[in-house]
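Colleague: Contents are PDB, C-alpha atoms and all ligand atoms; file name coords13.pdb:
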```
ATOM      1  CA  MET I1228      17.182  -4.684 -10.734  1.00  0.00           C
ATOM      2  CA  ARG I1229      16.446  -2.892  -7.455  1.00  0.00           C
ATOM      3  CA  ASN I1230      13.053  -4.208  -6.454  1.00  0.00           C
ATOM      4  CA  ARG I1231      13.338  -4.860  -2.715  1.00  0.00           C
ATOM      5  CA  TYR I1232      12.826  -1.927  -0.343  1.00  0.00           C
ATOM      6  CA  ALA I1233      13.029  -1.395   3.410  1.00  0.00           C
ATOM      7  CA  PHE I1234      10.636   0.971   5.158  1.00  0.00           C
ATOM      8  CA  VAL I1235      12.647   2.096   8.161  1.00  0.00           C
ATOM      9  CA  GLY I1236      10.683   3.603  11.048  1.00  0.00           C
ATOM     10  CA  GLY I1237      12.918   5.620  13.387  1.00  0.00           C
ATOM     11  CA  ASN I1238      14.015   9.034  14.645  1.00  0.00           C
ATOM     12  CA  SER I1239      15.165  10.367  11.289  1.00  0.00           C
ATOM     13  CA  GLY I1240      14.156   9.982   7.686  1.00  0.00           C
ATOM     14  CA  ARG I1241      12.789  11.685   4.591  1.00  0.00           C
ATOM     15  CA  TRP I1242       9.150  11.350   5.688  1.00  0.00           C
ATOM     16  CA  ARG I1243       7.818  12.688   9.019  1.00  0.00           C
ATOM     17  CA  ILE I1244       4.927  10.754  10.540  1.00  0.00           C
ATOM     18  CA  ALA I1245       1.762  12.849  10.854  1.00  0.00           C
ATOM     19  CA  SER I1246      -0.312   9.965  12.261  1.00  0.00           C
ATOM     20  CA  LEU I1247       0.065   6.252  12.938  1.00  0.00           C
ATOM     21  CA  ARG I1248      -3.024   4.313  13.924  1.00  0.00           C
ATOM     22  CA  PRO I1249      -4.345   0.765  13.948  1.00  0.00           C
ATOM     23  CA  VAL I1250      -7.207  -0.038  11.588  1.00  0.00           C
ATOM     24  CA  ARG I1251      -7.392  -3.727  12.456  1.00  0.00           C
ATOM     25  CA  GLY I1252      -5.167  -5.909  14.648  1.00  0.00           C
ATOM     26  CA  GLU I1253      -1.920  -4.988  16.336  1.00  0.00           C
ATOM     27  CA  VAL I1254      -0.484  -1.513  15.680  1.00  0.00           C
ATOM     28  CA  LEU I1255       3.223  -0.746  15.060  1.00  0.00           C
ATOM     29  CA  PRO I1256       5.320   1.083  17.675  1.00  0.00           C
ATOM     30  CA  HIS I1257       5.247   4.866  17.364  1.00  0.00           C
ATOM     31  CA  VAL I1258       8.282   6.440  15.711  1.00  0.00           C
ATOM     32  CA  ARG I1259       8.940   9.939  14.290  1.00  0.00           C
ATOM     33  CA  CYS I1260       9.982   9.270  10.716  1.00  0.00           C
ATOM     34  CA  VAL I1261      10.045   6.747   7.890  1.00  0.00           C
ATOM     35  CA  ASP I1262      12.770   6.314   5.288  1.00  0.00           C
ATOM     36  CA  VAL I1263      12.322   4.191   2.163  1.00  0.00           C
ATOM     37  CA  VAL I1264      15.630   2.589   1.242  1.00  0.00           C
ATOM     38  CA  PRO I1265      16.647  -0.039  -1.343  1.00  0.00           C
ATOM     39  CA  VAL I1266      17.618  -3.075   0.739  1.00  0.00           C
ATOM     40  CA  ASP I1267      21.035  -3.324  -0.902  1.00  0.00           C
ATOM     41  CA  ALA I1268      21.768   0.269   0.176  1.00  0.00           C
ATOM     42  CA  MET I1269      20.721  -0.214   3.827  1.00  0.00           C
ATOM     43  CA  GLN I1270      23.393   0.780   6.319  1.00  0.00           C
ATOM     44  CA  SER I1271      23.994  -2.066   8.730  1.00  0.00           C
ATOM     45  CA  GLY I1272      23.424  -1.174  12.361  1.00  0.00           C
ATOM     46  CA  ARG I1273      21.162   1.785  11.528  1.00  0.00           C
ATOM     47  CA  PRO I1274      18.990   2.355  14.626  1.00  0.00           C
ATOM     48  CA  ALA I1275      15.295   1.785  13.911  1.00  0.00           C
ATOM     49  CA  GLY I1276      12.064   1.256  15.799  1.00  0.00           C
ATOM     50  CA  TRP I1277      10.952  -1.121  13.075  1.00  0.00           C
ATOM     51  CA  VAL I1278      11.904  -2.195   9.561  1.00  0.00           C
ATOM     52  CA  LEU I1279       9.364  -3.550   7.074  1.00  0.00           C
ATOM     53  CA  THR I1280      10.618  -5.067   3.827  1.00  0.00           C
ATOM     54  CA  GLY I1281       8.720  -5.609   0.606  1.00  0.00           C
ATOM     55  CA  GLN I1282       9.407  -6.166  -3.037  1.00  0.00           C
ATOM     56  CA  ILE I1283       7.921  -4.895  -6.264  1.00  0.00           C
ATOM     57  CA  SER I1284       6.521  -7.901  -8.103  1.00  0.00           C
ATOM     58  CA  ASN I1285       4.432  -8.935 -11.090  1.00  0.00           C
ATOM     59  CA  VAL I1286       0.676  -8.279 -11.147  1.00  0.00           C
ATOM     60  CA  ARG I1287      -1.666 -11.050  -9.975  1.00  0.00           C
ATOM     61  CA  TYR I1288      -5.200  -9.941 -10.804  1.00  0.00           C
ATOM     62  CA  ALA I1289      -5.177  -7.055 -13.269  1.00  0.00           C
ATOM     63  CA  LYS I1290      -6.351  -7.873 -16.798  1.00  0.00           C
ATOM     64  CA  ARG I1291      -4.785  -6.471 -19.977  1.00  0.00           C
ATOM     65  CA  ALA I1292      -7.482  -3.812 -20.427  1.00  0.00           C
ATOM     66  CA  GLU I1293      -7.045  -2.677 -16.793  1.00  0.00           C
ATOM     67  CA  LEU I1294      -3.269  -2.518 -17.143  1.00  0.00           C
ATOM     68  CA  THR I1295      -3.637  -0.398 -20.253  1.00  0.00           C
ATOM     69  CA  VAL I1296      -5.894   2.122 -18.480  1.00  0.00           C
ATOM     70  CA  LEU I1297      -3.657   2.121 -15.391  1.00  0.00           C
ATOM     71  CA  GLY I1298      -0.594   2.695 -17.551  1.00  0.00           C
ATOM     72  CA  ALA I1299      -2.252   5.651 -19.250  1.00  0.00           C
ATOM     73  CA  LYS I1300      -3.537   7.280 -16.044  1.00  0.00           C
ATOM     74  CA  GLN I1301      -1.044   6.622 -13.278  1.00  0.00           C
ATOM     75  CA  GLU I1302       1.946   8.816 -12.488  1.00  0.00           C
ATOM     76  CA  ALA I1303       5.287   7.828 -10.999  1.00  0.00           C
ATOM     77  CA  LEU I1304       6.349   8.326  -7.388  1.00  0.00           C
ATOM     78  CA  GLY I1305       8.582  11.266  -6.502  1.00  0.00           C
ATOM     79  CA  ARG I1306       6.535  14.127  -7.979  1.00  0.00           C
ATOM     80  CA  PRO I1307       7.761  17.410  -6.425  1.00  0.00           C
ATOM     81  CA  ARG I1308       4.253  18.527  -5.406  1.00  0.00           C
ATOM     82  CA  ALA I1309       3.395  15.215  -3.741  1.00  0.00           C
ATOM     83  CA  SER I1310       4.457  16.195  -0.227  1.00  0.00           C
ATOM     84  CA  ARG I1311       2.006  13.797   1.478  1.00  0.00           C
ATOM     85  CA  ALA I1312       2.283  10.011   1.605  1.00  0.00           C
ATOM     86  CA  ALA I1313       0.552   7.033   3.161  1.00  0.00           C
ATOM     87  CA  LEU I1314       2.151   3.731   4.145  1.00  0.00           C
ATOM     88  CA  ILE I1315      -0.555   1.133   4.795  1.00  0.00           C
ATOM     89  CA  PRO I1316       0.793  -2.337   5.679  1.00  0.00           C
ATOM     90  CA  ILE I1317      -1.850  -5.038   5.247  1.00  0.00           C
ATOM     91  CA  LYS I1318      -2.128  -8.719   6.156  1.00  0.00           C
ATOM     92  CA  LYS I1319      -4.936 -10.850   4.770  1.00  0.00           C
ATOM     93  CA  SER I1320      -6.515 -13.840   6.507  1.00  0.00           C
ATOM     94  CA  PRO I1321      -5.809 -17.571   6.001  1.00  0.00           C
ATOM     95  CA  GLU I1322      -9.321 -17.780   4.413  1.00  0.00           C
ATOM     96  CA  TRP I1323      -8.156 -15.405   1.666  1.00  0.00           C
ATOM     97  CA  TRP I1324      -4.994 -17.375   0.977  1.00  0.00           C
ATOM     98  CA  ASP I1325      -6.970 -20.659   0.913  1.00  0.00           C
ATOM     99  CA  LEU I1326      -8.985 -19.371  -2.067  1.00  0.00           C
ATOM    100  CA  ALA I1327      -8.032 -20.175  -5.641  1.00  0.00           C
ATOM    101  CA  GLN I1328      -6.619 -17.394  -7.830  1.00  0.00           C
ATOM    102  CA  ASP I1329      -9.871 -17.024  -9.794  1.00  0.00           C
ATOM    103  CA  GLU I1330     -11.915 -16.791  -6.575  1.00  0.00           C
ATOM    104  CA  ARG I1331      -9.624 -14.055  -5.263  1.00  0.00           C
ATOM    105  CA  ARG I1332      -9.873 -12.112  -8.527  1.00  0.00           C
ATOM    106  CA  GLU I1333     -13.671 -12.416  -8.385  1.00  0.00           C
ATOM    107  CA  ILE I1334     -13.751 -10.852  -4.891  1.00  0.00           C
ATOM    108  CA  PHE I1335     -11.008  -8.310  -5.626  1.00  0.00           C
ATOM    109  CA  GLU I1336     -12.499  -6.856  -8.801  1.00  0.00           C
ATOM    110  CA  GLU I1337     -15.897  -8.228  -9.849  1.00  0.00           C
ATOM    111  CA  GLN I1338     -17.337  -7.853  -6.321  1.00  0.00           C
ATOM    112  CA  SER I1339     -15.174  -5.153  -4.717  1.00  0.00           C
ATOM    113  CA  ARG I1340     -14.202  -3.131  -7.823  1.00  0.00           C
ATOM    114  CA  HIS I1341     -10.797  -2.343  -6.296  1.00  0.00           C
ATOM    115  CA  THR I1342      -9.170  -1.258  -9.569  1.00  0.00           C
ATOM    116  CA  ALA I1343     -12.263   0.535 -10.883  1.00  0.00           C
ATOM    117  CA  ILE I1344     -12.568   2.550  -7.655  1.00  0.00           C
ATOM    118  CA  GLY I1345      -8.821   3.232  -7.492  1.00  0.00           C
ATOM    119  CA  LEU I1346      -8.734   4.490 -11.078  1.00  0.00           C
ATOM    120  CA  GLU I1347     -11.124   7.318 -10.151  1.00  0.00           C
ATOM    121  CA  TYR I1348      -8.367   8.791  -7.948  1.00  0.00           C
ATOM    122  CA  LEU I1349      -5.606   8.775 -10.559  1.00  0.00           C
ATOM    123  CA  PRO I1350      -3.470  10.654 -11.404  1.00  0.00           C
ATOM    124  CA  GLY I1351      -3.859  12.664  -8.152  1.00  0.00           C
ATOM    125  CA  VAL I1352      -2.632   9.692  -6.138  1.00  0.00           C
ATOM    126  CA  ALA I1353       0.543   7.853  -7.190  1.00  0.00           C
ATOM    127  CA  ARG I1354       0.923   4.301  -5.869  1.00  0.00           C
ATOM    128  CA  GLN I1355       3.297   1.406  -5.454  1.00  0.00           C
ATOM    129  CA  LEU I1356       2.462  -2.034  -4.141  1.00  0.00           C
ATOM    130  CA  TYR I1357       5.169  -4.068  -2.379  1.00  0.00           C
ATOM    131  CA  HIS I1358       4.691  -7.791  -1.703  1.00  0.00           C
ATOM    132  CA  CYS I1359       6.101  -9.368   1.458  1.00  0.00           C
ATOM    133  CA  ARG I1360       4.059 -12.499   2.210  1.00  0.00           C
ATOM    134  CA  ASP I1361       6.860 -14.764   0.978  1.00  0.00           C
ATOM    135  CA  LEU I1362       9.606 -12.824   2.772  1.00  0.00           C
ATOM    136  CA  GLY I1363       8.640 -14.017   6.260  1.00  0.00           C
ATOM    137  CA  GLU I1364       7.376 -10.517   7.117  1.00  0.00           C
ATOM    138  CA  PRO I1365       4.575  -9.632   9.553  1.00  0.00           C
ATOM    139  CA  PHE I1366       2.432  -8.216   6.705  1.00  0.00           C
ATOM    140  CA  ASP I1367       1.506  -9.546   3.238  1.00  0.00           C
ATOM    141  CA  PHE I1368       1.628  -6.150   1.511  1.00  0.00           C
ATOM    142  CA  LEU I1369       3.117  -2.719   2.036  1.00  0.00           C
ATOM    143  CA  THR I1370       0.998  -0.228   0.133  1.00  0.00           C
ATOM    144  CA  TRP I1371       2.506   3.224  -0.545  1.00  0.00           C
ATOM    145  CA  PHE I1372       0.800   6.328  -1.913  1.00  0.00           C
ATOM    146  CA  GLU I1373       1.976   9.885  -2.666  1.00  0.00           C
ATOM    147  CA  TYR I1374      -0.244  12.917  -3.297  1.00  0.00           C
ATOM    148  CA  ALA I1375      -0.302  16.707  -3.066  1.00  0.00           C
ATOM    149  CA  PRO I1376      -2.094  18.327  -0.077  1.00  0.00           C
ATOM    150  CA  GLU I1377      -5.105  19.245  -2.259  1.00  0.00           C
ATOM    151  CA  HIS I1378      -5.735  15.546  -2.891  1.00  0.00           C
ATOM    152  CA  ALA I1379      -5.694  14.568   0.799  1.00  0.00           C
ATOM    153  CA  ASP I1380      -9.508  14.615   1.137  1.00  0.00           C
ATOM    154  CA  ALA I1381      -9.932  12.519  -1.993  1.00  0.00           C
ATOM    155  CA  PHE I1382      -7.450  10.006  -0.619  1.00  0.00           C
ATOM    156  CA  GLU I1383      -9.509   9.684   2.617  1.00  0.00           C
ATOM    157  CA  HIS I1384     -12.582   9.043   0.516  1.00  0.00           C
ATOM    158  CA  LEU I1385     -10.772   6.371  -1.517  1.00  0.00           C
ATOM    159  CA  VAL I1386      -9.556   4.547   1.595  1.00  0.00           C
ATOM    160  CA  ASP I1387     -13.057   4.643   3.154  1.00  0.00           C
ATOM    161  CA  ARG I1388     -14.598   3.182   0.005  1.00  0.00           C
ATOM    162  CA  LEU I1389     -12.068   0.348  -0.244  1.00  0.00           C
ATOM    163  CA  ARG I1390     -12.435  -0.517   3.454  1.00  0.00           C
ATOM    164  CA  SER I1391     -16.161  -1.019   2.998  1.00  0.00           C
ATOM    165  CA  THR I1392     -15.701  -3.655   0.247  1.00  0.00           C
ATOM    166  CA  LYS I1393     -15.938  -7.433   0.512  1.00  0.00           C
ATOM    167  CA  GLU I1394     -12.182  -7.665  -0.123  1.00  0.00           C
ATOM    168  CA  TRP I1395     -11.551  -5.902   3.189  1.00  0.00           C
ATOM    169  CA  ALA I1396     -13.499  -8.601   5.080  1.00  0.00           C
ATOM    170  CA  PHE I1397     -10.357 -10.669   4.491  1.00  0.00           C
ATOM    171  CA  VAL I1398      -8.000  -8.085   6.010  1.00  0.00           C
ATOM    172  CA  GLU I1399      -6.916  -9.223   9.474  1.00  0.00           C
ATOM    173  CA  ARG I1400      -4.222  -6.631  10.185  1.00  0.00           C
ATOM    174  CA  GLU I1401      -3.909  -3.082   8.867  1.00  0.00           C
ATOM    175  CA  VAL I1402      -1.982  -0.066  10.100  1.00  0.00           C
ATOM    176  CA  ASP I1403      -2.555   3.407   8.644  1.00  0.00           C
ATOM    177  CA  ILE I1404       0.527   5.643   8.599  1.00  0.00           C
ATOM    178  CA  ARG I1405       0.285   9.162   7.143  1.00  0.00           C
ATOM    179  CA  LEU I1406       3.420  11.088   6.298  1.00  0.00           C
ATOM    180  CA  GLU I1407       4.660  14.499   5.229  1.00  0.00           C
ATOM    181  CA  LEU I1408       7.863  15.250   3.410  1.00  0.00           C
ATOM    182  CA  ALA I1409      10.399  16.256   6.055  1.00  0.00           C
ATOM    183  CA  VAL I1410      13.050  17.813   3.816  1.00  0.00           C
TER     184      VAL I1410
HETATM  185  C1  LIG V   1      -4.806   4.904  -5.749  1.00  0.00           C
HETATM  186  C2  LIG V   1      -5.702   4.120  -6.347  1.00  0.00           C
HETATM  187  C3  LIG V   1      -5.510   2.632  -6.395  1.00  0.00           C
HETATM  188  C4  LIG V   1      -5.403   1.889  -7.519  1.00  0.00           C
HETATM  189  C5  LIG V   1      -5.498   2.392  -8.958  1.00  0.00           C
HETATM  190  C6  LIG V   1      -5.167   0.518  -7.094  1.00  0.00           C
HETATM  191  C7  LIG V   1      -4.997  -0.545  -7.961  1.00  0.00           C
HETATM  192  C8  LIG V   1      -4.618  -1.805  -7.596  1.00  0.00           C
HETATM  193  C9  LIG V   1      -4.405  -2.896  -8.499  1.00  0.00           C
HETATM  194  C10 LIG V   1      -4.563  -2.835 -10.021  1.00  0.00           C
HETATM  195  C11 LIG V   1      -4.029  -3.959  -7.751  1.00  0.00           C
HETATM  196  C12 LIG V   1      -3.787  -5.380  -8.261  1.00  0.00           C
HETATM  197  C13 LIG V   1      -2.388  -5.636  -8.697  1.00  0.00           C
HETATM  198  C14 LIG V   1      -2.323  -7.074  -9.226  1.00  0.00           C
HETATM  199  O1  LIG V   1      -2.993  -7.373 -10.224  1.00  0.00           O
HETATM  200  O2  LIG V   1      -1.595  -7.883  -8.608  1.00  0.00           O
HETATM  201  C15 LIG V   1      -3.999  -3.545  -6.377  1.00  0.00           C
HETATM  202  C16 LIG V   1      -3.642  -4.341  -5.324  1.00  0.00           C
HETATM  203  C17 LIG V   1      -3.703  -3.967  -4.009  1.00  0.00           C
HETATM  204  N1  LIG V   1      -4.074  -2.739  -3.509  1.00  0.00           N
HETATM  205 FE1  LIG V   1      -4.713  -1.168  -4.600  1.00  0.00          FE
HETATM  206  N2  LIG V   1      -5.176   0.461  -5.727  1.00  0.00           N
HETATM  207  C18 LIG V   1      -5.373   1.725  -5.250  1.00  0.00           C
HETATM  208  C19 LIG V   1      -5.466   2.096  -3.922  1.00  0.00           C
HETATM  209  C20 LIG V   1      -5.297   1.250  -2.857  1.00  0.00           C
HETATM  210  C21 LIG V   1      -5.403   1.638  -1.456  1.00  0.00           C
HETATM  211  C22 LIG V   1      -5.762   3.053  -0.960  1.00  0.00           C
HETATM  212  C23 LIG V   1      -5.083   0.537  -0.706  1.00  0.00           C
HETATM  213  C24 LIG V   1      -5.046   0.393   0.790  1.00  0.00           C
HETATM  214  C25 LIG V   1      -5.818   1.072   1.631  1.00  0.00           C
HETATM  215  C26 LIG V   1      -4.788  -0.535  -1.633  1.00  0.00           C
HETATM  216  C27 LIG V   1      -4.384  -1.793  -1.271  1.00  0.00           C
HETATM  217  C28 LIG V   1      -4.046  -2.803  -2.147  1.00  0.00           C
HETATM  218  C29 LIG V   1      -3.617  -4.121  -1.732  1.00  0.00           C
HETATM  219  C30 LIG V   1      -3.441  -4.613  -0.302  1.00  0.00           C
HETATM  220  C31 LIG V   1      -3.397  -4.845  -2.898  1.00  0.00           C
HETATM  221  C32 LIG V   1      -2.957  -6.300  -2.990  1.00  0.00           C
HETATM  222  C33 LIG V   1      -4.197  -7.163  -3.012  1.00  0.00           C
HETATM  223  C34 LIG V   1      -3.884  -8.632  -3.157  1.00  0.00           C
HETATM  224  O3  LIG V   1      -2.994  -8.995  -3.955  1.00  0.00           O
HETATM  225  O4  LIG V   1      -4.544  -9.421  -2.457  1.00  0.00           O
HETATM  226  N3  LIG V   1      -4.937  -0.071  -2.912  1.00  0.00           N
HETATM  227  N4  LIG V   1      -4.384  -2.225  -6.304  1.00  0.00           N
END
```
Let's see the structure in the file written out as structure tokens.
Modeller:
Amino acid sequence: MRNRYAFVGGNSGRWRIASLRPVRGEVLPHVRCVDVVPVDAMQSGRPAGWVLTGQISNVRYAKRAELTVLGAKQEALGRPRASRAALIPIKKSPEWWDLAQDERREIFEEQSRHTAIGLEYLPGVARQLYHCRDLGEPFDFLTWFEYAPEHADAFEHLVDRLRSTKEWAFVEREVDIRLELAV
């Protein structure tokens, strides 16, 4: 199964960068485009400003009832009208990783309502979470979202709401990259 992907920042690619800015911590170098490529299809020696790798993994916190609602509401990536995307790499603090699983779930959902808030923005926004903490990468997660231009304002609202939650107090590095389909 293809579950590991490289996000290649460089001079060419399917997605053109509209903005790249630091939210917290060190930013990434500015490049023009991002390509999302299965790692096993990566051309060796391809010039890139940066390459971030992540893999699709099992869920950690979502409960059965949440998965059922998500499954009913969310749409897949690659919709023709979804010409906007966001790549938001995130690293959480050692304090977060020192918590037990049940303590993290408590902050993630019972206190921060991450899934409940996110669900309000489906199906306009399509999403995919990539894990990279165990791959020796600079971030713990690569979060990827696709939406049509008419959902851009709603997406800003969603991001603002999540960043004001208790969960985000544990975010120590975050870069916000907004993209538009280049081809
Ligand atoms: C579009 C609506 C969204 C929905 C429905 C949603 C839903 C979820 C769910 C269900 C999980 C938990 C997966 C699991 O159980 O392991 C999750 C994880 C995560 N989401 Fe979202 N999310 C949304 C938007 C966002 C946005 C806009 C961001 C970033 C700004 C974000 C960042 C993350 C991160 C970093 C994780 C991993 C948290 C961790 O494991 O510590 N999400 N999301």
Colleague: Report, as AutoDock Vina command-line options, the axis-aligned box around all atoms of ligand LIG 1 (chain V) present in the file, extended by 3 Å on each side; give centre and edge lengths in Å to one decimal place.
Modeller:
```
--center_x -3.7 --center_y -2.3 --center_z -4.3 --size_x 10.2 --size_y 20.3 --size_z 17.9
```
Colleague: Ligand LIG 1 (chain V): which residues are within 7 Å, counting all atoms listed in the file, as an NGL selection string?
Modeller: :I and (1285-1289 or 1297 or 1315 or 1317 or 1341-1342 or 1345-1346 or 1348-1349 or 1352-1354 or 1356 or 1368 or 1370 or 1372 or 1385-1386 or 1389)
Colleague: Evaluating the PyMOL selection byres (((chain I and resi 1237-1249) around 9) and not hetatm) on the displayed file yields which residues, as number ranges by chain?
Modeller: I: 1235-1236, 1250-1263, 1274-1278, 1310-1312, 1400-1410
Colleague: Any idea what's packed within 12 Å of Pro1321 of chain I, counting all atoms listed in the file, ignoring anything in its chain fewer than 4 positions away? Could you give it as a PDB file with C-alpha atoms, in the frame of the given file?
Modeller:
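Just written: around-v8.pdb:
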```
ATOM      1  CA  ASP I1325      -6.970 -20.659   0.913  1.00  0.00           C
ATOM      2  CA  LEU I1326      -8.985 -19.371  -2.067  1.00  0.00           C
ATOM      3  CA  ARG I1360       4.059 -12.499   2.210  1.00  0.00           C
ATOM      4  CA  ASP I1367       1.506  -9.546   3.238  1.00  0.00           C
ATOM      5  CA  ALA I1396     -13.499  -8.601   5.080  1.00  0.00           C
ATOM      6  CA  PHE I1397     -10.357 -10.669   4.491  1.00  0.00           C
ATOM      7  CA  VAL I1398      -8.000  -8.085   6.010  1.00  0.00           C
ATOM      8  CA  GLU I1399      -6.916  -9.223   9.474  1.00  0.00           C
ATOM      9  CA  ARG I1400      -4.222  -6.631  10.185  1.00  0.00           C
TER      10      ARG I1400
END
```
Colleague: For the PyMOL selection byres (((chain I and resi 1282) around 12) and not hetatm), applied here, can you spell out every residue it catches as a PyMOL selection string?
Modeller: chain I and resi 1228-1234+1263-1266+1279-1281+1283-1285+1355-1362+1364+1367-1371
Colleague: Starting from the PyMOL selection byres (((chain I and resi 1336) around 12) and not hetatm), expand the selection into actual residues of this file and give them as a ChimeraX atom specification.
Modeller: /I:1287-1290,1293,1329-1335,1337-1345,1389,1392-1394
Colleague: For atom CA of Asp1387 of chain I and atom CA of Leu1314 of chain I, quote the distance in Å rounded to one decimal.
Modeller: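 For atom CA of Asp1387 of chain I relative to atom CA of Leu1314 of chain I, the distance reads 15.3 Å.
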Colleague: Please, what distance in Å, to one decimal, runs between atom CA of Arg1306 of chain I and atom CA of Tyr1374 of chain I?
Modeller: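 Separation between atom CA of Arg1306 of chain I and atom CA of Tyr1374 of chain I: 8.3 Å.
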Colleague: Using Å and a single decimal, report how far atom CA of Gly1363 of chain I sits from atom CA of Ser1320 of chain I.
Modeller: 15.2 Å
Colleague: With distances taken over only C-alpha atoms, which of I:Gly1351, I:Ala1313, I:Pro1376, I:Gly1272 is nearest to Lys1300 of chain I?
Modeller: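 Smallest separation from Lys1300 of chain I among the options: I:Gly1351.
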